[in-house]
>>> print(open('structure.txt').read())   # compact mmCIF, C-alpha atoms
# COMPACT_ATOMS: atom_id res chain seq x y z
CA MET A 1 13.02 13.05 -7.42
CA LEU A 2 12.84 10.85 -4.32
CA LYS A 3 14.18 13.70 -2.19
CA ASP A 4 11.47 16.02 -3.56
CA LEU A 5 8.81 13.41 -2.82
CA ILE A 6 9.98 13.04 0.78
CA HIS A 7 10.15 16.82 1.19
CA SER A 8 6.58 17.23 -0.14
CA ALA A 9 5.32 14.46 2.13
CA LEU A 10 6.96 16.04 5.19
CA MET A 11 5.48 19.46 4.36
CA PHE A 12 2.09 17.76 4.11
CA ILE A 13 2.61 16.24 7.54
CA GLN A 14 3.71 19.58 9.01
CA ASP A 15 0.64 21.36 7.65
CA LEU A 16 -1.75 18.79 9.15
CA GLY A 17 0.06 18.24 12.45
CA VAL A 18 -0.88 15.02 14.24
CA TRP A 19 -3.34 14.13 11.46
CA GLY A 20 -0.49 14.37 8.98
CA ILE A 21 1.54 11.94 11.11
CA LEU A 22 -1.39 9.52 11.13
CA ILE A 23 -1.99 9.72 7.37
CA GLY A 24 1.74 9.54 6.59
CA LEU A 25 2.09 6.33 8.59
CA MET A 26 -1.17 4.88 7.36
CA LEU A 27 -0.08 5.24 3.71
CA GLU A 28 3.68 4.85 4.40
CA VAL A 29 4.82 6.62 1.26
CA ILE A 30 8.07 7.10 3.18
CA PRO A 31 9.42 4.78 5.94
CA SER A 32 7.66 4.94 9.30
CA GLU A 33 10.93 5.75 11.12
CA ILE A 34 11.26 8.98 9.12
CA VAL A 35 7.63 9.99 9.72
CA LEU A 36 7.85 9.31 13.45
CA SER A 37 11.19 11.11 13.75
CA TYR A 38 9.78 14.09 11.88
CA GLY A 39 6.84 13.97 14.26
CA GLY A 40 9.39 14.21 17.09
CA TYR A 41 10.94 17.22 15.38
CA LEU A 42 7.48 18.85 15.25
CA VAL A 43 7.24 18.22 19.00
CA SER A 44 10.52 20.11 19.49
CA THR A 45 9.15 23.10 17.54
CA GLY A 46 5.92 23.14 19.53
CA ASN A 47 3.71 22.28 16.53
CA VAL A 48 2.37 19.12 18.19
CA SER A 49 2.50 17.58 21.65
CA PHE A 50 4.64 14.56 22.49
CA LEU A 51 1.59 12.55 23.56
CA GLY A 52 -0.32 13.53 20.43
CA ALA A 53 2.57 12.48 18.16
CA VAL A 54 2.83 9.09 19.90
CA ILE A 55 -0.93 8.41 19.91
CA PHE A 56 -1.51 9.42 16.28
CA GLY A 57 1.73 7.72 15.23
CA THR A 58 0.62 4.50 16.87
CA LEU A 59 -2.83 4.73 15.27
CA GLY A 60 -1.31 5.36 11.84
CA CYS A 61 0.94 2.32 12.13
CA LEU A 62 -1.97 0.24 13.42
CA ILE A 63 -4.29 1.21 10.55
CA GLN A 64 -1.61 0.38 8.00
CA GLN A 65 -1.17 -3.09 9.53
CA VAL A 66 -4.95 -3.60 9.43
CA PHE A 67 -4.84 -2.85 5.68
CA LEU A 68 -2.13 -5.51 5.26
CA TYR A 69 -4.17 -7.94 7.38
CA TRP A 70 -7.18 -7.39 5.10
CA ILE A 71 -5.02 -7.98 2.03
CA GLY A 72 -3.97 -11.32 3.50
CA ARG A 73 -7.47 -12.24 4.57
CA TYR A 74 -9.43 -11.28 1.47
CA GLY A 75 -6.77 -11.36 -1.26
CA GLY A 76 -4.34 -13.97 -0.01
CA ARG A 77 -1.33 -15.25 -1.92
CA PRO A 78 -2.87 -14.68 -5.40
CA PHE A 79 -3.24 -10.94 -4.68
CA ILE A 80 0.33 -10.63 -3.37
CA GLU A 81 1.77 -12.50 -6.33
CA LYS A 82 -0.06 -10.22 -8.76
CA TYR A 83 0.01 -6.82 -7.07
CA GLY A 84 2.56 -7.08 -4.23
CA LYS A 85 5.33 -5.37 -6.19
CA TYR A 86 3.20 -2.24 -6.50
CA ILE A 87 2.90 -1.89 -2.73
CA HIS A 88 6.48 -2.98 -1.92
CA LEU A 89 5.54 -6.46 -0.68
CA LYS A 90 8.12 -9.01 -1.81
CA MET A 91 7.07 -12.65 -1.90
CA ARG A 92 10.28 -13.91 -0.27
CA TYR A 93 9.53 -11.85 2.84
CA ILE A 94 5.90 -12.96 2.82
CA ASN A 95 7.07 -16.59 2.61
CA ILE A 96 9.40 -16.08 5.57
CA ALA A 97 6.68 -14.40 7.63
CA GLU A 98 4.11 -17.04 6.69
CA GLY A 99 6.49 -19.84 7.69
CA TRP A 100 7.10 -18.20 11.08
CA PHE A 101 3.42 -17.59 11.68
CA ASN A 102 2.34 -21.11 10.69
CA ARG A 103 5.00 -22.72 12.86
CA TYR A 104 4.91 -20.55 15.95
CA GLY A 105 1.50 -18.90 16.06
CA ALA A 106 0.04 -15.53 17.01
CA GLY A 107 2.94 -14.44 19.24
CA MET A 108 5.03 -13.84 16.11
CA VAL A 109 2.80 -10.84 15.31
CA PHE A 110 4.36 -9.14 18.35
CA THR A 111 7.97 -10.33 18.23
CA ALA A 112 8.33 -9.70 14.48
CA ARG A 113 7.44 -6.01 14.90
CA PHE A 114 11.02 -5.24 15.94
CA ILE A 115 12.70 -7.20 13.14
CA PRO A 116 13.38 -5.20 9.94
CA VAL A 117 11.43 -6.17 6.81
CA VAL A 118 9.50 -9.02 8.45
CA ARG A 119 7.72 -6.66 10.84
CA GLN A 120 5.58 -5.36 7.96
CA ALA A 121 5.13 -8.70 6.22
CA ILE A 122 3.87 -10.62 9.29
CA SER A 123 0.40 -9.04 9.02
CA ILE A 124 -0.23 -10.79 5.69
CA PRO A 125 -0.11 -14.41 6.97
CA ALA A 126 -2.06 -13.32 10.07
CA GLY A 127 -4.83 -12.28 7.70
CA MET A 128 -4.49 -15.45 5.61
CA ALA A 129 -4.89 -17.54 8.77
CA ARG A 130 -8.03 -15.60 9.82
CA MET A 131 -6.39 -14.63 13.09
CA PRO A 132 -9.13 -12.99 15.22
CA MET A 133 -9.01 -9.22 14.76
CA PRO A 134 -8.97 -8.38 18.51
CA THR A 135 -5.96 -10.68 19.01
CA PHE A 136 -4.21 -9.20 15.97
CA LEU A 137 -4.81 -5.64 17.19
CA PHE A 138 -3.60 -6.49 20.70
CA TYR A 139 -0.27 -7.97 19.56
CA THR A 140 0.24 -5.26 16.95
CA LEU A 141 -0.31 -2.51 19.53
CA LEU A 142 2.15 -4.14 21.91
CA GLY A 143 4.80 -4.08 19.21
CA THR A 144 3.94 -0.65 17.78
CA ILE A 145 3.79 1.57 20.87
CA PRO A 146 7.48 1.15 21.89
CA TRP A 147 8.57 1.83 18.28
CA ALA A 148 6.46 5.01 18.10
CA VAL A 149 7.66 6.28 21.49
CA LEU A 150 11.33 5.64 20.62
CA PHE A 151 11.38 7.51 17.29
CA VAL A 152 9.22 10.40 18.45
CA TYR A 153 11.56 10.76 21.44
CA LEU A 154 14.66 10.65 19.23
CA GLY A 155 13.21 13.17 16.78
CA ASN A 156 12.34 15.49 19.64
CA THR A 157 15.82 15.11 21.14
CA LEU A 158 17.60 15.81 17.87
CA GLY A 159 15.37 18.74 16.99
CA SER A 160 16.54 20.39 13.75
CA ASN A 161 19.13 17.62 13.37
CA TRP A 162 16.41 14.98 13.12
CA GLU A 163 17.55 14.11 9.56
CA ASN A 164 20.57 12.40 11.15
CA ILE A 165 18.18 9.89 12.73
CA ASP A 166 19.74 6.87 10.96
CA GLU A 167 23.13 7.56 12.48
CA TYR A 168 21.81 8.50 15.92
CA ALA A 169 19.10 5.84 16.25
CA SER A 170 21.34 2.80 15.75
CA LYS A 171 22.55 2.75 19.36
CA TYR A 172 18.89 2.64 20.48
CA THR A 173 17.41 0.38 17.81
CA THR A 174 20.19 -2.22 18.01
CA PRO A 175 19.28 -3.16 21.64
CA PHE A 176 15.62 -3.25 20.53
CA ILE A 177 16.44 -5.66 17.73
CA ILE A 178 18.69 -7.80 19.94
CA ALA A 179 16.01 -7.95 22.64
CA SER A 180 13.39 -8.82 20.03
CA VAL A 181 15.51 -11.56 18.47
CA THR A 182 16.20 -12.95 21.96
CA LEU A 183 12.51 -12.84 22.81
CA THR A 184 11.68 -14.49 19.48
CA VAL A 185 14.18 -17.29 20.14
CA LEU A 186 12.77 -17.86 23.63
CA TYR A 187 9.22 -17.85 22.25
CA VAL A 188 10.16 -20.31 19.49
CA LEU A 189 11.89 -22.60 22.00
CA PHE A 190 8.79 -22.47 24.20
CA LYS A 191 6.59 -23.40 21.24
CA LEU A 192 8.95 -26.21 20.21
CA VAL A 193 8.90 -27.69 23.71
CA ARG A 194 5.11 -27.57 23.71
CA ARG A 195 5.01 -29.03 20.22
CA LYS A 196 7.10 -32.02 21.27
CA LYS A 197 4.39 -32.88 23.77
CA SER A 198 1.63 -32.60 21.18
CA ASP A 199 3.51 -33.20 17.94
CA THR A 200 1.53 -36.32 17.20
CA LYS A 201 -1.71 -34.44 17.49
CA HIS A 202 -2.30 -33.44 13.89
CA GLY A 203 0.02 -35.67 11.86
CA ASP A 204 2.48 -34.46 9.24
CA GLU A 205 3.39 -30.90 8.28
CA GLY A 206 0.47 -30.48 5.88
CA GLU A 207 -2.05 -31.60 8.49
CA LYS A 208 -0.52 -29.30 11.13
CA ASN A 209 -0.65 -26.30 8.81
CA THR A 210 -4.28 -27.01 7.95
CA ALA A 211 -5.22 -27.48 11.61
CA HIS A 212 -3.59 -24.13 12.38
CA GLN A 213 -5.50 -22.41 9.55
CA LEU A 214 -8.81 -23.85 10.73
CA LYS A 215 -8.13 -22.72 14.29
CA TYR A 216 -9.27 -19.21 13.36
CA ILE A 217 -12.24 -20.04 11.15
CA GLY A 218 -14.91 -18.70 13.52
CA SER A 219 -17.02 -19.66 16.52
CA GLU A 220 -19.97 -20.83 14.39
CA TYR A 221 -17.84 -23.74 13.14
CA ARG A 222 -16.62 -26.84 14.96
CA VAL A 223 -13.25 -28.27 13.93
CA LEU A 224 -12.17 -31.88 14.52
CA ASN A 225 -8.66 -33.04 13.59
CA SER A 226 -7.07 -36.47 13.08
CA LEU A 227 -9.93 -38.86 13.80
CA HIS A 228 -10.69 -42.49 12.95
CA VAL A 229 -14.42 -42.44 12.20
CA LYS A 230 -16.38 -45.70 12.38
CA ALA A 231 -19.62 -46.40 10.50
CA GLY A 232 -21.23 -49.03 8.27
CA GLY A 233 -18.85 -51.70 9.47
CA GLY A 234 -15.79 -49.72 8.40
CA SER A 235 -13.37 -47.15 9.77
CA GLN A 236 -11.57 -44.29 8.04
CA GLU A 237 -8.86 -41.90 9.18
CA LEU A 238 -9.87 -38.31 8.41
CA ASP A 239 -7.41 -35.42 8.55
CA HIS A 240 -9.98 -32.72 9.37
CA ILE A 241 -13.74 -32.31 9.71
CA VAL A 242 -15.38 -28.89 9.91
CA ILE A 243 -19.04 -28.65 10.92
CA GLY A 244 -20.85 -25.36 10.37
CA PRO A 245 -24.20 -23.85 9.39
CA ASN A 246 -23.53 -24.50 5.69
CA GLY A 247 -22.57 -28.16 6.00
CA VAL A 248 -20.00 -30.75 7.01
CA PHE A 249 -16.61 -30.43 5.29
CA HIS A 250 -14.17 -33.34 5.28
CA ILE A 251 -10.70 -32.11 4.35
CA ASP A 252 -7.69 -34.10 3.24
CA SER A 253 -4.31 -32.33 3.48
CA LYS A 254 -1.60 -32.94 0.89
CA HIS A 255 1.78 -31.26 1.39
CA TRP A 256 2.65 -31.48 -2.29
CA SER A 257 4.83 -29.02 -4.15
CA GLY A 258 5.03 -28.42 -7.89
CA GLU A 259 2.27 -28.49 -10.47
CA ILE A 260 -0.78 -30.65 -9.78
CA VAL A 261 -2.94 -31.01 -12.90
CA PHE A 262 -6.53 -32.21 -12.72
CA THR A 263 -8.28 -33.52 -15.82
CA SER A 264 -11.65 -35.17 -16.43
CA GLU A 265 -9.88 -38.53 -16.03
CA GLY A 266 -8.15 -37.72 -12.75
CA VAL A 267 -4.90 -36.13 -11.65
CA GLU A 268 -1.81 -36.23 -13.84
CA ARG A 269 1.53 -37.39 -12.50
CA SER A 270 3.28 -34.22 -11.33
CA LYS A 271 6.88 -33.24 -11.91
CA GLU A 272 7.52 -33.76 -8.20
CA GLY A 273 6.71 -37.46 -8.49
CA HIS A 274 3.27 -37.50 -6.85
CA SER A 275 1.59 -40.29 -8.78
CA ALA A 276 -1.16 -41.36 -6.39
CA ASP A 277 -4.70 -40.10 -6.92
CA PRO A 278 -5.20 -37.59 -4.08
CA THR A 279 -8.98 -37.87 -4.29
CA ALA A 280 -9.12 -41.61 -3.50
CA GLN A 281 -9.18 -41.07 0.25
CA LEU A 282 -11.94 -38.48 -0.02
CA TYR A 283 -14.27 -41.04 -1.63
CA ARG A 284 -13.70 -43.40 1.30
CA HIS A 285 -14.16 -40.57 3.80
CA GLU A 286 -17.41 -39.54 2.15
CA HIS A 287 -18.74 -43.10 2.30
CA VAL A 288 -18.10 -43.56 6.02
CA LEU A 289 -19.60 -40.16 6.89
CA LYS A 290 -22.70 -40.82 4.79
CA GLU A 291 -23.17 -44.14 6.55
CA LEU A 292 -22.79 -42.47 9.93
CA PHE A 293 -25.32 -39.75 9.13
CA ARG A 294 -27.74 -42.26 7.60
CA SER A 295 -27.68 -44.35 10.78
CA ALA A 296 -28.60 -41.24 12.80
CA LYS A 297 -31.22 -40.12 10.23
CA LEU A 298 -29.31 -36.92 9.47
CA ASN A 299 -28.81 -35.45 6.03
CA PRO A 300 -26.45 -32.44 6.18
CA GLU A 301 -24.63 -30.99 3.19
CA LEU A 302 -21.44 -33.04 2.83
CA VAL A 303 -18.49 -31.40 1.09
CA GLY A 304 -15.14 -33.01 0.31
CA VAL A 305 -12.13 -30.67 0.09
CA LEU A 306 -8.64 -31.48 -1.12
CA CYS A 307 -6.25 -28.96 0.43
CA PHE A 308 -2.69 -28.53 -0.89
CA THR A 309 -0.60 -26.99 1.87
CA HIS A 310 2.85 -26.51 0.33
CA PRO A 311 3.53 -22.81 -0.55
CA ASP A 312 5.04 -23.89 -3.90
CA SER A 313 2.13 -26.04 -5.02
CA HIS A 314 0.26 -24.95 -8.13
CA ILE A 315 -3.19 -26.33 -8.96
CA VAL A 316 -4.29 -26.58 -12.59
CA GLY A 317 -7.95 -27.41 -13.14
CA ASN A 318 -10.25 -28.97 -10.56
CA SER A 319 -11.27 -32.39 -9.43
CA PRO A 320 -14.68 -33.22 -10.96
CA ALA A 321 -15.89 -34.65 -7.64
CA PHE A 322 -14.30 -32.52 -4.89
CA ALA A 323 -13.21 -28.97 -4.19
CA THR A 324 -9.48 -28.35 -4.65
CA VAL A 325 -7.82 -25.41 -2.92
CA LYS A 326 -4.54 -24.06 -1.58
CA LEU A 327 -4.21 -23.58 2.16
CA ASP A 328 -4.59 -19.79 2.24
CA ARG A 329 -8.02 -20.02 0.57
CA LEU A 330 -9.36 -22.93 2.63
CA ALA A 331 -11.23 -20.96 5.31
CA ASP A 332 -12.73 -18.65 2.68
CA LEU A 333 -13.92 -21.63 0.62
CA ILE A 334 -15.66 -23.12 3.65
CA LYS A 335 -17.25 -19.89 4.85
CA THR A 336 -18.52 -18.85 1.40
CA HIS A 337 -19.85 -22.28 0.39
CA LYS A 338 -23.52 -22.04 -0.55
CA SER A 339 -25.35 -25.07 0.80
CA LYS A 340 -27.92 -26.74 -1.44
CA LYS A 341 -29.64 -28.07 1.65
CA PRO A 342 -31.26 -26.18 4.56
CA LEU A 343 -28.75 -24.41 6.81
CA LEU A 344 -27.92 -26.14 10.07
CA THR A 345 -28.87 -24.50 13.35
CA ALA A 346 -26.33 -24.14 16.15
CA SER A 347 -27.94 -27.06 17.99
CA GLU A 348 -27.77 -29.27 14.88
CA VAL A 349 -24.08 -28.41 14.49
CA THR A 350 -23.54 -29.54 18.09
CA VAL A 351 -25.50 -32.78 17.52
CA ILE A 352 -23.40 -33.66 14.45
CA GLU A 353 -20.18 -32.84 16.28
CA GLN A 354 -21.18 -35.09 19.18
CA LEU A 355 -22.23 -37.89 16.82
CA ILE A 356 -18.84 -37.89 15.09
CA LYS A 357 -16.97 -37.80 18.40
CA GLU A 358 -18.98 -40.70 19.78
CA ASN A 359 -18.21 -42.81 16.73
CA SER A 360 -14.50 -42.05 16.44
CA HIS A 361 -11.22 -42.03 18.27
CA SER A 362 -8.07 -39.99 17.82
CA SER A 363 -5.78 -41.36 15.11
CA LYS A 364 -2.69 -39.92 16.85
>>> encode(input="structure.txt", output="structure tokens")
Amino acid sequence: MLKDLIHSALMFIQDLGVWGILIGLMLEVIPSEIVLSYGGYLVSTGNVSFLGAVIFGTLGCLIQQVFLYWIGRYGGRPFIEKYGKYIHLKMRYINIAEGWFNRYGAGMVFTARFIPVVRQAISIPAGMARMPMPTFLFYTLLGTIPWAVLFVYLGNTLGSNWENIDEYASKYTTPFIIASVTLTVLYVLFKLVRRKKSDTKHGDEGEKNTAHQLKYIGSEYRVLNSLHVKAGGGSQELDHIVIGPNGVFHIDSKHWSGEIVFTSEGVERSKEGHSADPTAQLYRHEHVLKELFRSAKLNPELVGVLCFTHPDSHIVGNSPAFATVKLDRLADLIKTHKSKKPLLTASEVTVIEQLIKENSHSSK
């Protein structure tokens, strides 16, 4: 049955030429290596040109990765957990890719393209993190073009023997993979060295992950991390403050795993032993910010957000006073929040940012 499906898909590609290559890769009913190799075979028969097969092959791969990026951006972890099995996305690979992306940044979108399994999954956390689309497309193209050229070339070289691509390609793909792993290791080492110099910048792992997520939230927002804010005779350490047209968001990061249950009386003690009330700090943060804004005669929308950053955390219910969210939905929560007060102009956002900076110092 699988053989018949592959045969039908390849006949479809042959009938449509370069457009078939594009659609085959975009949908990836069969692995991209087979489609590209078959495209190379079509080059050898004169059905398509080498350049056409590479260009349309690259575009097909790129479009498919954009689809995965959108799934991460607009569906996030809940979508993958519910529907991932239907589109061959396994959570363990998503978790690996997400961990790499959160730790080492945008460069992983390029280096992971040459590593089996993870090269598809890496687009999901890029979408979750709201990585800017131009940056995502740039790194994806860099990693896709060599792959497309290689398999179209091999398919063209093998001609009618293209079906033996697995056996023939290993001596070419193995150096690719070794080079990619080497490049990844060098990139990770570079990031680790840089991190040592700025490791104290955003506090613990939860705070760092949140700071990374907020990095891509959009130019209309201002993000401040790890500040001691002074007002009303007091001072409070805030993990993150985001200032945008729809308000000022003060965010407290908790790297808690396990089940966190909110009731009308507060948060229950979780199985992981987290007994402290995670909302206590948010009340203190809210007080100091209100005092600061009152002293400057400002009255923006003020929103407290409790963000759980551990991939294995599970939130049941909601805090009656503050928003509760997992990390991959944080940016979406902020951007879709409907302010009950007039929207802030760009100049007002700048004024509030400057006010907070003038009345605070780095806590790290």
>>> closest_residue(input="structure.txt", among="A:His361, A:Lys335, A:Lys85, A:Arg284", to="Leu227 in chain A", atoms="only C-alpha atoms")
A:His361
>>> closest_residue(input="structure.txt", among="A:Ala112, A:Val18, A:Val305, A:Val349", to="Leu142 in chain A", atoms="all atoms listed in the file")
A:Ala112
>>> atom_distance(input="structure.txt", atom1="CA of Pro300 in chain A", atom2="CA of Val288 in chain A")
13.9 Å
>>> closest_residue(input="structure.txt", among="A:Arg113, A:Gly304, A:Ile80, A:Trp19", to="Ala179 in chain A", atoms="all atoms listed in the file")
A:Arg113
>>> residues_around(input="structure.txt", residues="range 212-224 of chain A", least_positions_apart="3", cutoff="7 Å", atoms="all atoms listed in the file", output="list in words")
Asn102, Ala129, Arg130, Met131, Pro132, Lys208, Asn209, His240, Ile241, Val242, Ile243, Gly244 and Ala331 of chain A
>>> atom_distance(input="structure.txt", atom1="CA of Arg329 in chain A", atom2="CA of Ser253 in chain A")
13.2 Å
